[in-house]
file run.txt (compact mmCIF, C-alpha atoms and all ligand atoms)
# COMPACT_ATOMS: atom_id res chain seq x y z
CA MET A 1113 51.23 53.97 -21.82
CA LEU A 1114 49.52 56.40 -19.48
CA LYS A 1115 46.21 57.97 -20.49
CA THR A 1116 43.87 60.33 -18.73
CA TYR A 1117 40.10 60.11 -18.71
CA LYS A 1118 38.42 63.36 -17.75
CA PHE A 1119 34.85 63.50 -16.44
CA ARG A 1120 32.79 66.42 -15.17
CA ILE A 1121 31.70 66.06 -11.56
CA TYR A 1122 28.94 67.91 -9.71
CA PRO A 1123 29.71 68.25 -5.99
CA ASN A 1124 26.82 69.57 -3.88
CA LYS A 1125 27.28 72.78 -1.88
CA LYS A 1126 28.60 70.97 1.21
CA GLN A 1127 31.02 68.87 -0.84
CA GLU A 1128 32.20 71.89 -2.78
CA ILE A 1129 33.02 73.69 0.46
CA LYS A 1130 34.99 70.64 1.59
CA LEU A 1131 36.80 70.43 -1.73
CA LEU A 1132 37.68 74.12 -1.59
CA GLU A 1133 38.96 73.67 1.97
CA THR A 1134 41.05 70.71 0.87
CA LEU A 1135 42.42 72.68 -2.05
CA ASN A 1136 43.34 75.52 0.27
CA LEU A 1137 45.04 73.22 2.76
CA CYS A 1138 46.95 71.51 -0.03
CA ARG A 1139 48.12 74.89 -1.29
CA PHE A 1140 49.11 75.84 2.25
CA THR A 1141 51.11 72.61 2.53
CA TYR A 1142 52.74 73.17 -0.85
CA ASN A 1143 53.89 76.66 0.07
CA LYS A 1144 55.06 75.57 3.55
CA GLN A 1145 57.08 72.66 2.21
CA LEU A 1146 58.54 74.74 -0.59
CA GLU A 1147 59.55 77.39 1.94
CA LEU A 1148 61.23 74.73 4.08
CA LYS A 1149 63.12 73.32 1.12
CA ILE A 1150 64.34 76.75 0.07
CA ASN A 1151 65.33 77.76 3.61
CA LYS A 1152 67.21 74.54 4.34
CA TYR A 1153 69.16 75.07 1.19
CA LYS A 1154 69.92 78.71 1.97
CA GLU A 1155 70.91 77.99 5.57
CA ASN A 1156 73.08 74.91 5.24
CA LYS A 1157 73.10 73.89 1.58
CA VAL A 1158 70.98 70.82 2.32
CA ASN A 1159 68.82 69.68 -0.55
CA LEU A 1160 65.71 68.09 0.97
CA THR A 1161 64.44 65.09 -0.98
CA GLN A 1162 60.84 64.04 -1.49
CA PHE A 1163 61.43 61.50 1.28
CA ASP A 1164 62.60 64.24 3.69
CA LEU A 1165 59.56 66.31 2.84
CA ASN A 1166 57.31 63.30 3.52
CA ASN A 1167 58.87 62.99 6.97
CA ASN A 1168 58.28 66.65 7.63
CA LEU A 1169 54.54 66.13 7.07
CA ILE A 1170 54.33 64.62 10.57
CA ILE A 1171 55.60 67.87 12.11
CA LEU A 1172 53.41 69.96 9.85
CA LYS A 1173 50.33 67.96 10.87
CA GLU A 1174 51.17 68.45 14.55
CA GLU A 1175 51.42 72.19 14.05
CA ASN A 1176 48.31 72.37 11.87
CA LYS A 1177 45.74 69.91 13.11
CA GLU A 1178 43.33 70.67 10.26
CA LEU A 1179 45.72 68.88 7.88
CA LYS A 1180 44.56 65.62 9.45
CA GLN A 1181 41.33 66.00 7.48
CA ILE A 1182 43.29 65.30 4.33
CA HIS A 1183 44.06 61.88 2.90
CA SER A 1184 47.71 61.15 3.72
CA GLN A 1185 48.67 60.13 0.19
CA THR A 1186 47.22 63.37 -1.11
CA LEU A 1187 49.60 65.27 1.14
CA GLN A 1188 52.51 63.13 -0.02
CA ASP A 1189 51.63 63.86 -3.61
CA ILE A 1190 52.22 67.55 -2.88
CA ASN A 1191 55.85 66.73 -2.11
CA LYS A 1192 56.06 64.90 -5.39
CA ARG A 1193 54.84 68.04 -7.15
CA ILE A 1194 57.55 70.09 -5.46
CA SER A 1195 60.20 67.56 -6.49
CA LEU A 1196 58.91 67.62 -10.06
CA ALA A 1197 59.00 71.41 -10.09
CA PHE A 1198 62.65 71.30 -9.03
CA ASN A 1199 63.50 68.57 -11.53
CA GLY A 1200 62.04 70.70 -14.29
CA PHE A 1201 63.92 73.70 -13.01
CA TYR A 1202 67.28 71.89 -13.09
CA ARG A 1203 66.57 70.27 -16.43
CA ARG A 1204 65.92 73.65 -18.04
CA LEU A 1205 68.90 75.10 -16.26
CA ASN A 1206 71.14 72.38 -17.67
CA LYS A 1207 69.84 73.08 -21.14
CA ARG A 1208 70.79 76.72 -20.52
CA GLU A 1209 67.21 77.81 -21.05
CA GLN A 1210 65.81 80.83 -19.36
CA VAL A 1211 64.25 79.49 -16.22
CA GLY A 1212 62.16 80.60 -13.28
CA PHE A 1213 62.69 79.23 -9.79
CA PRO A 1214 59.77 77.12 -8.46
CA ARG A 1215 57.23 79.61 -7.19
CA PHE A 1216 54.87 79.87 -4.27
CA LYS A 1217 51.32 79.24 -5.41
CA SER A 1218 48.59 81.82 -5.27
CA LYS A 1219 44.92 80.86 -5.03
CA TYR A 1220 44.58 81.05 -8.79
CA ARG A 1221 47.61 78.88 -9.48
CA TYR A 1222 46.76 75.92 -7.31
CA ASP A 1223 43.76 74.11 -8.71
CA SER A 1224 44.02 70.36 -8.20
CA ILE A 1225 44.05 67.60 -5.59
CA THR A 1226 45.62 64.21 -6.34
CA TYR A 1227 44.73 60.81 -4.86
CA PRO A 1228 47.47 58.37 -5.80
CA GLN A 1229 46.35 54.74 -5.56
CA SER A 1230 43.74 55.07 -2.84
CA GLY A 1231 41.21 57.37 -1.27
CA PHE A 1232 38.63 57.08 -4.03
CA LYS A 1233 36.26 54.62 -5.65
CA LEU A 1234 34.40 54.97 -8.94
CA GLU A 1235 31.01 53.31 -9.33
CA ASN A 1236 27.79 55.07 -10.31
CA GLN A 1237 29.02 57.97 -8.27
CA LEU A 1238 32.55 58.95 -7.38
CA TYR A 1239 33.44 58.30 -3.76
CA ILE A 1240 36.26 60.43 -2.38
CA SER A 1241 37.65 59.86 1.08
CA LYS A 1242 36.60 62.60 3.54
CA ILE A 1243 34.46 64.29 0.87
CA GLY A 1244 31.72 61.74 0.12
CA GLN A 1245 29.74 60.43 -2.87
CA ILE A 1246 29.84 62.92 -5.73
CA ASN A 1247 27.71 62.91 -8.86
CA ILE A 1248 29.75 62.23 -11.97
CA ILE A 1249 28.96 62.17 -15.68
CA LYS A 1250 30.76 59.09 -16.97
CA HIS A 1251 30.42 59.69 -20.70
CA ARG A 1252 32.64 56.74 -21.60
CA GLU A 1253 33.97 53.54 -20.11
CA ILE A 1254 37.47 53.49 -18.72
CA GLU A 1255 39.74 50.90 -20.32
CA GLY A 1256 42.70 49.74 -18.27
CA LYS A 1257 43.79 50.00 -14.69
CA VAL A 1258 43.19 53.29 -12.86
CA LYS A 1259 46.38 54.57 -11.23
CA THR A 1260 45.55 57.97 -9.82
CA LEU A 1261 42.67 60.40 -9.46
CA THR A 1262 43.14 64.14 -9.75
CA ILE A 1263 40.29 66.48 -8.88
CA LYS A 1264 40.55 69.74 -10.77
CA LYS A 1265 38.79 73.04 -10.43
CA THR A 1266 38.82 75.22 -13.53
CA SER A 1267 39.15 78.98 -13.38
CA THR A 1268 35.50 79.08 -14.44
CA ASN A 1269 34.57 77.16 -11.26
CA LYS A 1270 33.77 73.80 -12.82
CA TRP A 1271 35.01 70.55 -11.27
CA PHE A 1272 36.52 67.60 -13.09
CA ALA A 1273 37.76 64.16 -12.12
CA CYS A 1274 40.80 63.02 -14.10
CA PHE A 1275 41.64 59.33 -13.93
CA SER A 1276 45.12 58.37 -14.97
CA VAL A 1277 45.08 54.89 -16.49
CA GLU A 1278 47.77 52.41 -17.47
CA GLN A 1279 47.06 50.89 -20.88
CA GLU A 1280 48.92 48.35 -22.94
CA SER A 1281 49.83 49.55 -26.38
CA LYS A 1282 49.30 47.44 -29.46
CA SER A 1283 52.34 45.97 -31.15
CA HIS A 1284 53.87 47.52 -34.24
CA SER A 1285 54.53 44.19 -35.92
CA ASN A 1286 52.02 44.34 -38.78
CA LEU A 1287 53.32 47.64 -40.03
CA THR A 1288 53.50 48.35 -43.73
CA ASN A 1289 55.42 51.25 -45.12
CA GLU A 1290 53.15 52.06 -48.03
CA GLU A 1291 51.21 54.92 -46.60
CA THR A 1292 53.56 57.63 -45.47
CA ILE A 1293 52.83 61.31 -45.15
CA GLY A 1294 55.09 64.27 -44.34
CA ILE A 1295 53.72 67.10 -42.21
CA ASP A 1296 55.14 70.61 -41.98
CA LEU A 1297 53.77 72.59 -39.06
CA GLY A 1298 53.88 76.28 -39.79
CA ILE A 1299 52.87 79.80 -38.91
CA ASN A 1300 51.07 80.59 -42.15
CA HIS A 1301 49.09 77.36 -42.14
CA PHE A 1302 48.49 75.00 -39.29
CA TYR A 1303 50.18 72.41 -41.42
CA ALA A 1304 51.09 71.55 -44.99
CA ASP A 1305 51.26 67.90 -46.03
CA SER A 1306 53.25 66.07 -48.68
CA ASN A 1307 50.07 65.39 -50.68
CA GLY A 1308 49.69 69.09 -51.42
CA ASN A 1309 47.10 69.97 -48.76
CA LEU A 1310 47.26 73.13 -46.73
CA VAL A 1311 45.31 72.94 -43.48
CA ASP A 1312 44.52 76.21 -41.72
CA ASN A 1313 43.36 76.95 -38.22
CA PRO A 1314 39.57 77.16 -38.36
CA LYS A 1315 38.01 80.63 -38.68
CA TYR A 1316 36.03 80.35 -35.44
CA LEU A 1317 39.27 79.73 -33.58
CA ARG A 1318 40.97 82.76 -35.07
CA LYS A 1319 37.91 84.85 -34.21
CA SER A 1320 38.03 83.73 -30.59
CA GLU A 1321 41.74 84.47 -30.40
CA LEU A 1322 41.22 88.00 -31.66
CA LYS A 1323 38.52 88.46 -29.04
CA LEU A 1324 40.96 87.21 -26.43
CA LYS A 1325 43.56 89.80 -27.39
CA LYS A 1326 41.00 92.58 -26.97
CA LEU A 1327 39.78 91.24 -23.65
CA GLN A 1328 43.31 90.91 -22.31
CA ARG A 1329 44.04 94.50 -23.19
CA LYS A 1330 40.89 95.60 -21.35
CA HIS A 1331 41.68 93.40 -18.36
CA SER A 1332 45.16 94.82 -17.93
CA LYS A 1333 43.67 98.31 -17.53
CA LYS A 1334 41.39 97.28 -14.64
CA LEU A 1335 42.52 98.27 -11.16
CA LYS A 1336 44.19 95.45 -9.23
CA GLY A 1337 42.00 94.03 -6.48
CA SER A 1338 38.92 95.80 -7.78
CA ASN A 1339 35.56 94.16 -8.30
CA ASN A 1340 35.70 94.97 -11.99
CA ARG A 1341 39.02 93.20 -12.30
CA ASN A 1342 37.62 90.06 -10.72
CA LYS A 1343 34.69 90.13 -13.11
CA SER A 1344 36.96 90.54 -16.09
CA ARG A 1345 39.18 87.73 -14.78
CA LEU A 1346 36.23 85.34 -14.94
CA LYS A 1347 35.30 86.58 -18.40
CA LEU A 1348 38.87 86.01 -19.53
CA ALA A 1349 38.94 82.54 -17.99
CA ASN A 1350 35.69 81.61 -19.76
CA LEU A 1351 37.09 82.69 -23.08
CA HIS A 1352 40.36 80.82 -22.44
CA GLU A 1353 38.32 77.72 -21.73
CA LEU A 1354 36.26 78.11 -24.89
CA ILE A 1355 39.38 78.56 -27.01
CA SER A 1356 41.08 75.61 -25.42
CA ASN A 1357 38.03 73.43 -26.13
CA GLN A 1358 37.78 74.66 -29.70
CA ARG A 1359 41.47 74.08 -30.27
CA ASN A 1360 41.45 70.61 -28.72
CA ASP A 1361 38.50 69.65 -30.84
CA PHE A 1362 40.32 70.80 -33.98
CA LEU A 1363 43.53 69.01 -33.00
CA HIS A 1364 41.70 65.77 -32.21
CA LYS A 1365 39.91 65.80 -35.56
CA GLN A 1366 43.04 66.58 -37.56
CA SER A 1367 45.16 63.97 -35.82
CA ARG A 1368 42.41 61.34 -36.09
CA GLN A 1369 42.09 61.95 -39.81
CA LEU A 1370 45.85 61.56 -40.35
CA VAL A 1371 46.15 58.44 -38.21
CA ASN A 1372 43.18 56.78 -39.92
CA ASN A 1373 44.62 57.35 -43.37
CA TYR A 1374 48.36 56.85 -42.98
CA ASN A 1375 50.56 54.24 -41.37
CA THR A 1376 53.58 56.43 -41.01
CA ILE A 1377 53.51 60.11 -40.23
CA VAL A 1378 56.75 62.04 -40.52
CA VAL A 1379 57.17 65.29 -38.63
CA GLU A 1380 60.00 67.59 -37.66
CA ARG A 1381 61.34 67.46 -34.15
CA LEU A 1382 59.74 70.49 -32.55
CA GLN A 1383 61.99 73.23 -31.31
CA ILE A 1384 59.61 74.81 -28.91
CA SER A 1385 60.93 78.29 -28.47
CA ASN A 1386 61.20 79.31 -24.89
CA MET A 1387 57.61 80.16 -24.11
CA THR A 1388 58.33 82.21 -21.02
CA LYS A 1389 60.60 84.41 -23.08
CA ASN A 1390 58.09 84.74 -25.85
CA HIS A 1391 55.50 87.45 -25.40
CA TYR A 1392 54.24 87.22 -28.92
CA LEU A 1393 50.85 85.63 -28.31
CA ALA A 1394 50.23 84.06 -31.70
CA LYS A 1395 53.56 82.30 -31.58
CA SER A 1396 53.11 80.81 -28.14
CA ILE A 1397 49.62 79.64 -29.03
CA ASN A 1398 51.12 77.89 -32.03
CA ASP A 1399 53.83 76.29 -29.94
CA ALA A 1400 51.27 74.92 -27.52
CA SER A 1401 49.06 73.63 -30.33
CA TRP A 1402 51.90 71.89 -32.12
CA ASN A 1403 53.09 70.23 -28.99
CA LYS A 1404 49.59 69.00 -28.20
CA PHE A 1405 49.09 67.91 -31.81
CA LEU A 1406 52.22 65.74 -31.71
CA GLN A 1407 51.14 64.24 -28.39
CA LEU A 1408 47.76 63.35 -29.87
CA LEU A 1409 49.34 61.88 -33.00
CA SER A 1410 51.70 59.93 -30.85
CA TYR A 1411 49.06 58.28 -28.71
CA LYS A 1412 46.73 57.69 -31.63
CA VAL A 1413 49.39 55.95 -33.76
CA GLU A 1414 50.23 53.84 -30.77
CA GLU A 1415 46.61 52.67 -30.63
CA THR A 1416 46.46 51.79 -34.31
CA GLY A 1417 49.96 50.32 -34.47
CA GLY A 1418 51.22 53.04 -36.81
CA LYS A 1419 54.45 54.99 -36.65
CA LEU A 1420 55.28 58.58 -35.86
CA VAL A 1421 58.72 59.51 -37.13
CA GLU A 1422 60.53 62.61 -35.97
CA ILE A 1423 63.30 63.97 -38.14
CA ASP A 1424 65.98 66.57 -37.66
CA PRO A 1425 64.42 69.90 -38.74
CA ARG A 1426 67.63 71.37 -40.11
CA ASN A 1427 67.41 72.56 -43.73
CA THR A 1428 63.95 71.16 -44.41
CA SER A 1429 62.87 74.60 -45.58
CA GLN A 1430 65.97 75.22 -47.71
CA LEU A 1431 66.04 72.11 -49.90
CA CYS A 1432 64.33 71.18 -53.14
CA ILE A 1433 63.00 67.70 -53.81
CA CYS A 1434 65.58 67.45 -56.62
CA GLY A 1435 68.35 67.81 -54.06
CA ASN A 1436 69.23 71.38 -54.96
CA LYS A 1437 69.60 73.94 -52.20
CA VAL A 1438 67.09 76.81 -52.50
CA GLU A 1439 67.70 79.39 -49.82
CA LYS A 1440 64.69 81.38 -48.71
CA SER A 1441 64.18 83.99 -46.06
CA LEU A 1442 61.13 83.63 -43.79
CA ALA A 1443 59.31 86.24 -45.86
CA THR A 1444 59.62 84.26 -49.11
CA ARG A 1445 56.41 82.31 -49.52
CA VAL A 1446 57.14 80.57 -52.82
CA HIS A 1447 59.77 77.95 -53.50
CA ARG A 1448 61.43 78.41 -56.92
CA CYS A 1449 64.17 76.03 -57.96
CA ASN A 1450 66.68 77.02 -60.66
CA ASN A 1451 67.78 73.45 -61.08
CA CYS A 1452 64.52 71.58 -61.82
CA GLY A 1453 62.25 74.56 -62.40
CA ILE A 1454 59.66 73.55 -59.83
CA GLU A 1455 57.58 76.35 -58.33
CA MET A 1456 55.26 75.83 -55.36
CA ASP A 1457 54.22 76.98 -51.89
CA ARG A 1458 57.28 76.77 -49.64
CA ASP A 1459 55.47 74.84 -46.90
CA LEU A 1460 54.27 72.19 -49.35
CA MET A 1461 57.85 71.73 -50.50
CA SER A 1462 58.99 71.42 -46.89
CA ALA A 1463 56.38 68.72 -46.30
CA LEU A 1464 57.77 66.78 -49.29
CA ILE A 1465 61.30 67.09 -47.92
CA ILE A 1466 60.14 65.97 -44.49
CA LYS A 1467 58.50 62.87 -45.97
CA GLU A 1468 61.65 62.19 -48.01
CA LYS A 1469 63.87 62.45 -44.95
CA GLY A 1470 61.56 60.11 -43.05
CA ILE A 1471 61.51 57.49 -45.81
CA ASN A 1472 65.25 57.60 -46.39
CA ASP A 1473 65.82 57.13 -42.70
CA PHE A 1474 68.43 59.79 -42.56
CA SER A 1475 68.32 62.28 -39.71
CA ILE A 1476 65.60 60.34 -37.92
CA ILE A 1477 65.65 61.20 -34.27
CA THR A 1478 62.95 58.99 -32.87
CA VAL A 1479 60.47 56.49 -34.14
CA GLY A 1480 57.42 55.94 -32.04
CA THR A 1481 56.38 57.89 -29.07
CA THR A 1482 59.17 57.88 -26.53
CA GLY A 1483 60.79 61.10 -27.63
CA ILE A 1484 57.64 63.11 -27.39
CA GLN A 1485 56.32 61.56 -24.23
CA ALA A 1486 59.58 61.63 -22.35
CA CYS A 1487 59.48 65.38 -22.07
CA GLN A 1488 55.84 65.46 -21.10
CA ARG A 1489 55.11 65.32 -17.44
CA THR A 1490 51.40 64.98 -17.85
CA SER A 1491 49.79 62.17 -19.75
CA ILE A 1492 47.40 62.55 -22.61
CA GLU A 1493 43.75 63.34 -22.32
CA VAL A 1494 41.44 60.96 -24.12
CA GLN A 1495 38.57 62.20 -26.22
ZN ZN B 1 64.67 71.49 -57.68
call {"tool": "encode", "arguments": {"input": "run.txt", "output": "structure tokens"}}
result
Amino acid sequence: MLKTYKFRIYPNKKQEIKLLETLNLCRFTYNKQLELKINKYKENKVNLTQFDLNNNLIILKEENKELKQIHSQTLQDINKRISLAFNGFYRRLNKREQVGFPRFKSKYRYDSITYPQSGFKLENQLYISKIGQINIIKHREIEGKVKTLTIKKTSTNKWFACFSVEQESKSHSNLTNEETIGIDLGINHFYADSNGNLVDNPKYLRKSELKLKKLQRKHSKKLKGSNNRNKSRLKLANLHELISNQRNDFLHKQSRQLVNNYNTIVVERLQISNMTKNHYLAKSINDASWNKFLQLLSYKVEETGGKLVEIDPRNTSQLCICGNKVEKSLATRVHRCNNCGIEMDRDLMSALIIKEKGINDFSIITVGTTGIQACQRTSIEVQ
């Protein structure tokens, strides 16, 4: 299991300049290599592999001597990123999803430098090859073997060190099936559970999201390239960061509470609607939250030796616990069954059905974490 530990780092002025230079050169390399890959394909239908791109680095370094300032594995990691971008592109293409071709990166879209295996050392300070000793706030101990380091700059100009760590997961052998809960993730509530609880997004989060909408509207009216637009970009980035922190905090607390109280958590397989196609802000925020929530559940159950069960989402909202079919449109909020007479919030009923499906083992898609993690390129951040 791969986990990520994220620590704030405080480069001094000189180091920050070097980091920014490195970032710029990495972005330059990324765009150059991407251009080469695209051109080779256009010209003679040759699909350059990651290995080919690695070989091309020698030529690129000859033409651009300043690239020699950069750790060689860091440059190679850029080729890996390009390959991953293309893999993702083809995967979505095969699934017939709407898909954008891998893009050239602007200054704002290239924000991290990776050191696979070597080029760094973590003690009281963080040593990075060709940058120096950087102050770091290590707010917790790292458990496991560090695989890679990624240095990240946020859009609010903060720097972070992210250590990717290999950890062994605990075995599932002492699992009991007594404590099972069904979770229905929804638009009206963050989730409903099979014990009759409705959990909403916290008020402060909704407030921030409203503020974001307003700010985005304002930002879009600012003249491109103007000073005012740059200022509002930073404002927007700060608010995005705040919301993301607030949301992560909420998701961590909710998932922790579930994992501590239940052995088996049953959820629906998420059908993340195509986010690029979806301009409806609230919906895409939800999609992102749910996805993250399931990731968090998945790594937390793995730690405690619990189970996360994903079931087929078909019909969960149209069935009654008595087995009767109760068809409801999206607008119908209350479940009313003619057969058994039960009347309750539709999401609470869905949660009961989800639990039922999980217990009866029918329509289970995955047990454990593989299904969720397989489609995640990045690993999970520890908090
Ligand atoms: Zn019924």
call {"tool": "residues_around", "arguments": {"input": "run.txt", "residues": "region 1154-1166 of chain A", "least_positions_apart": "4", "cutoff": "7 Å", "atoms": "all atoms listed in the file", "output": "list in words"}}
result
Gln1145, Lys1149, Ile1150, Gln1188, Asn1191, Lys1192 and Ser1195 of chain A
call {"tool": "residues_near_ligand", "arguments": {"input": "run.txt", "ligand": "ligand ZN 1 (chain B)", "cutoff": "8 Å", "atoms": "all atoms listed in the file", "output": "JSON list (two decimals) with C-alpha atoms, in the coordinates of the input"}}
result
[["chain", "number", "residue", "atom", "x", "y", "z"],
["A", 1431, "LEU", "CA", 66.04, 72.11, -49.90],
["A", 1432, "CYS", "CA", 64.33, 71.18, -53.14],
["A", 1433, "ILE", "CA", 63.00, 67.70, -53.81],
["A", 1434, "CYS", "CA", 65.58, 67.45, -56.62],
["A", 1435, "GLY", "CA", 68.35, 67.81, -54.06],
["A", 1436, "ASN", "CA", 69.23, 71.38, -54.96],
["A", 1437, "LYS", "CA", 69.60, 73.94, -52.20],
["A", 1438, "VAL", "CA", 67.09, 76.81, -52.50],
["A", 1448, "ARG", "CA", 61.43, 78.41, -56.92],
["A", 1449, "CYS", "CA", 64.17, 76.03, -57.96],
["A", 1450, "ASN", "CA", 66.68, 77.02, -60.66],
["A", 1451, "ASN", "CA", 67.78, 73.45, -61.08],
["A", 1452, "CYS", "CA", 64.52, 71.58, -61.82],
["A", 1453, "GLY", "CA", 62.25, 74.56, -62.40],
["A", 1454, "ILE", "CA", 59.66, 73.55, -59.83]]
call {"tool": "closest_residue", "arguments": {"input": "run.txt", "among": "A:Ser1441, A:Ser1401, A:Asn1342, A:Ser1462", "to": "Pro1425 (chain A)", "atoms": "only C-alpha atoms"}}
result
A:Ser1462
call {"tool": "closest_residue", "arguments": {"input": "run.txt", "among": "A:Arg1426, A:Arg1120, A:Lys1467, A:Lys1336", "to": "Leu1238 (chain A)", "atoms": "only C-alpha atoms"}}
result
A:Arg1120
call {"tool": "residues_around", "arguments": {"input": "run.txt", "residues": "region 1262-1267 of chain A", "least_positions_apart": "3", "cutoff": "10 Å", "atoms": "all atoms listed in the file", "output": "PyMOL selection string"}}
result
chain A and resi 1116+1118-1121+1131-1132+1135+1186+1220-1228+1240+1270-1276+1345-1350+1352-1353
call {"tool": "residues_around", "arguments": {"input": "run.txt", "residues": "region 1445-1447 of chain A", "least_positions_apart": "4", "cutoff": "6 Å", "atoms": "only C-alpha atoms", "output": "ChimeraX atom specification"}}
result
/A:1455-1458
call {"tool": "closest_residue", "arguments": {"input": "run.txt", "among": "A:Lys1144, A:Asp1189, A:Lys1115, A:Arg1203", "to": "Glu1175 (chain A)", "atoms": "only C-alpha atoms"}}
result
A:Lys1144
call {"tool": "closest_residue", "arguments": {"input": "run.txt", "among": "A:Leu1382, A:Ile1465, A:Ile1355, A:Leu1370", "to": "Lys1419 (chain A)", "atoms": "only C-alpha atoms"}}
result
A:Leu1370
call {"tool": "residues_around", "arguments": {"input": "run.txt", "residues": "Lys1242 (chain A)", "least_positions_apart": "2", "cutoff": "12 Å", "atoms": "all atoms listed in the file", "output": "PyMOL selection string"}}
result
chain A and resi 1126-1127+1130-1131+1133-1134+1179-1184+1186+1227+1231-1232+1239-1240+1244-1246
call {"tool": "residues_around", "arguments": {"input": "run.txt", "residues": "Thr1376 (chain A)", "least_positions_apart": "4", "cutoff": "7 Å", "atoms": "only C-alpha atoms", "output": "list in words"}}
result
Asn1289, Glu1291, Thr1292, Ile1293, Gly1418, Lys1419 and Leu1420 of chain A
call {"tool": "closest_residue", "arguments": {"input": "run.txt", "among": "A:Asn1236, A:Thr1428, A:Asn1313, A:Asn1168", "to": "Glu1468 (chain A)", "atoms": "all atoms listed in the file"}}
result
A:Thr1428
call {"tool": "closest_residue", "arguments": {"input": "run.txt", "among": "A:Asn1375, A:Gln1328, A:Gln1185, A:Gln1210", "to": "Gly1417 (chain A)", "atoms": "only C-alpha atoms"}}
result
A:Asn1375
call {"tool": "atom_distance", "arguments": {"input": "run.txt", "atom1": "CA of Lys1152 (chain A)", "atom2": "CA of Glu1209 (chain A)"}}
result
25.6 Å
call {"tool": "atom_distance", "arguments": {"input": "run.txt", "atom1": "CA of Phe1213 (chain A)", "atom2": "CA of Arg1381 (chain A)"}}
result
27.1 Å
